Amino acid sequence: MAADIEQIKKKIIYRSNYRGTKEMDKLLGAFTRKYLDQLDVKDLDELIKLLEIDDNNLYNFYNGLNTDIEFEDNRINNLFKNFKY
């Protein structure tokens, strides 16, 4: 189980640092580095869902702009929304 979680964390780190836009690489990379070791399994699942969202919607959500999708009210989304880069 611990090996599985470490593998998931490695995938999350990779996905957060290689997004497609440099701005989101830096923002999500810093966010992931700050919180990754503090998250439980449920939070890791929520983080994976967050990373599956396209850069434009994530950027707009982070900056309080309109998005094309509805973001859930959960711990990870709140941490991301309030993250100071």
# chains A, B, ... in the order shown; residues from 1 in each chain; ligands from 1

call {"tool": "residues_around", "arguments": {"residues": "region 26-36 of chain A", "least_positions_apart": "6", "cutoff": "9 Å", "atoms": "only C-alpha atoms", "output": "list in words"}}
result
Lys9, Ile12, Ile13, Tyr14, Arg15, Ser16, Asn17, Tyr18, Arg19, Leu44, Leu47, Leu51, Leu79, Phe80, Phe83, Lys84 and Tyr85 of chain A

call {"tool": "select_by_dssp", "arguments": {"residues": "chain A", "states": "helix (DSSP H, G or I)", "output": "PyMOL selection string"}}
result
chain A and resi 2-17+22-38+41-51+55-62+75-82

call {"tool": "atom_distance", "arguments": {"atom1": "CA of Glu23 (chain A)", "atom2": "CA of Leu58 (chain A)"}}
result
10.9 Å

call {"tool": "residues_around", "arguments": {"residues": "Asn57 (chain A)", "least_positions_apart": "6", "cutoff": "12 Å", "atoms": "only C-alpha atoms", "output": "ChimeraX atom specification"}}
result
/A:24,50-51,63-71

call {"tool": "atom_distance", "arguments": {"atom1": "CA of Asp43 (chain A)", "atom2": "CA of Ala3 (chain A)"}}
result
17.1 Å

call {"tool": "decode", "arguments": {"residues": "region 35-48 of chain A", "atoms": "all heavy atoms", "output": "tab-separated table (two decimals), in the first residue's frame"}}
result
chain	number	residue	atom	x	y	z
A	35	TYR	N	2.13	20.91	-0.37
A	35	TYR	CA	1.09	20.14	0.33
A	35	TYR	C	1.16	18.62	0.17
A	35	TYR	O	0.51	17.91	0.93
A	35	TYR	CB	-0.30	20.61	-0.11
A	35	TYR	CG	-0.63	22.00	0.34
A	35	TYR	CD1	-0.71	23.05	-0.56
A	35	TYR	CD2	-0.85	22.27	1.69
A	35	TYR	CE1	-1.01	24.34	-0.13
A	35	TYR	CE2	-1.14	23.55	2.12
A	35	TYR	CZ	-1.23	24.58	1.21
A	35	TYR	OH	-1.52	25.84	1.64
A	36	LEU	N	1.91	18.10	-0.77
A	36	LEU	CA	1.83	16.68	-1.11
A	36	LEU	C	2.04	15.76	0.08
A	36	LEU	O	1.28	14.81	0.27
A	36	LEU	CB	2.82	16.35	-2.23
A	36	LEU	CG	2.68	14.94	-2.81
A	36	LEU	CD1	1.31	14.77	-3.48
A	36	LEU	CD2	3.78	14.68	-3.81
A	37	ASP	N	3.02	16.01	0.90
A	37	ASP	CA	3.30	15.11	2.02
A	37	ASP	C	2.32	15.25	3.18
A	37	ASP	O	2.35	14.46	4.11
A	37	ASP	CB	4.74	15.33	2.51
A	37	ASP	CG	5.75	14.84	1.50
A	37	ASP	OD1	5.45	13.88	0.76
A	37	ASP	OD2	6.85	15.42	1.43
A	38	GLN	N	1.44	16.25	3.12
A	38	GLN	CA	0.45	16.46	4.17
A	38	GLN	C	-0.91	15.84	3.83
A	38	GLN	O	-1.82	15.88	4.65
A	38	GLN	CB	0.24	17.96	4.40
A	38	GLN	CG	1.49	18.71	4.76
A	38	GLN	CD	1.27	20.21	4.75
A	38	GLN	OE1	0.16	20.69	4.87
A	38	GLN	NE2	2.35	20.96	4.59
A	39	LEU	N	-1.04	15.26	2.64
A	39	LEU	CA	-2.34	14.78	2.17
A	39	LEU	C	-2.55	13.31	2.47
A	39	LEU	O	-1.63	12.51	2.38
A	39	LEU	CB	-2.45	15.01	0.66
A	39	LEU	CG	-2.25	16.45	0.17
A	39	LEU	CD1	-2.34	16.52	-1.33
A	39	LEU	CD2	-3.27	17.39	0.82
A	40	ASP	N	-3.81	12.98	2.78
A	40	ASP	CA	-4.18	11.57	2.95
A	40	ASP	C	-4.66	11.02	1.60
A	40	ASP	O	-4.67	11.73	0.60
A	40	ASP	CB	-5.22	11.40	4.05
A	40	ASP	CG	-6.53	12.15	3.77
A	40	ASP	OD1	-6.82	12.48	2.60
A	40	ASP	OD2	-7.28	12.41	4.73
A	41	VAL	N	-5.06	9.77	1.59
A	41	VAL	CA	-5.44	9.10	0.34
A	41	VAL	C	-6.62	9.80	-0.33
A	41	VAL	O	-6.63	10.01	-1.55
A	41	VAL	CB	-5.76	7.61	0.60
A	41	VAL	CG1	-6.27	6.94	-0.67
A	41	VAL	CG2	-4.53	6.89	1.11
A	42	LYS	N	-7.62	10.21	0.45
A	42	LYS	CA	-8.79	10.90	-0.12
A	42	LYS	C	-8.36	12.21	-0.77
A	42	LYS	O	-8.81	12.54	-1.87
A	42	LYS	CB	-9.81	11.16	0.98
A	42	LYS	CG	-11.04	11.86	0.49
A	42	LYS	CD	-12.00	12.16	1.62
A	42	LYS	CE	-13.19	12.91	1.09
A	42	LYS	NZ	-13.53	14.07	1.85
A	43	ASP	N	-7.49	12.95	-0.10
A	43	ASP	CA	-7.01	14.21	-0.65
A	43	ASP	C	-6.18	13.99	-1.92
A	43	ASP	O	-6.25	14.80	-2.85
A	43	ASP	CB	-6.18	14.97	0.38
A	43	ASP	CG	-7.03	15.52	1.53
A	43	ASP	OD1	-8.23	15.72	1.35
A	43	ASP	OD2	-6.45	15.74	2.61
A	44	LEU	N	-5.41	12.92	-1.95
A	44	LEU	CA	-4.64	12.61	-3.16
A	44	LEU	C	-5.57	12.36	-4.33
A	44	LEU	O	-5.30	12.81	-5.46
A	44	LEU	CB	-3.72	11.41	-2.93
A	44	LEU	CG	-2.55	11.62	-1.98
A	44	LEU	CD1	-1.81	10.30	-1.74
A	44	LEU	CD2	-1.60	12.68	-2.50
A	45	ASP	N	-6.68	11.67	-4.09
A	45	ASP	CA	-7.67	11.45	-5.16
A	45	ASP	C	-8.24	12.77	-5.65
A	45	ASP	O	-8.43	12.97	-6.86
A	45	ASP	CB	-8.79	10.54	-4.67
A	45	ASP	CG	-8.37	9.09	-4.53
A	45	ASP	OD1	-7.36	8.69	-5.16
A	45	ASP	OD2	-9.04	8.35	-3.79
A	46	GLU	N	-8.53	13.68	-4.73
A	46	GLU	CA	-9.06	14.99	-5.11
A	46	GLU	C	-8.01	15.80	-5.88
A	46	GLU	O	-8.35	16.50	-6.82
A	46	GLU	CB	-9.51	15.77	-3.87
A	46	GLU	CG	-10.70	15.16	-3.15
A	46	GLU	CD	-11.94	15.09	-4.01
A	46	GLU	OE1	-12.14	15.97	-4.88
A	46	GLU	OE2	-12.74	14.16	-3.81
A	47	LEU	N	-6.76	15.67	-5.49
A	47	LEU	CA	-5.69	16.37	-6.21
A	47	LEU	C	-5.55	15.83	-7.63
A	47	LEU	O	-5.35	16.61	-8.57
A	47	LEU	CB	-4.36	16.24	-5.45
A	47	LEU	CG	-3.16	16.93	-6.06
A	47	LEU	CD1	-3.42	18.41	-6.33
A	47	LEU	CD2	-1.94	16.76	-5.17
A	48	ILE	N	-5.68	14.53	-7.79
A	48	ILE	CA	-5.63	13.94	-9.14
A	48	ILE	C	-6.76	14.51	-9.99
A	48	ILE	O	-6.56	14.86	-11.16
A	48	ILE	CB	-5.71	12.41	-9.06
A	48	ILE	CG1	-4.40	11.87	-8.48
A	48	ILE	CG2	-5.98	11.80	-10.44
A	48	ILE	CD1	-4.44	10.40	-8.10
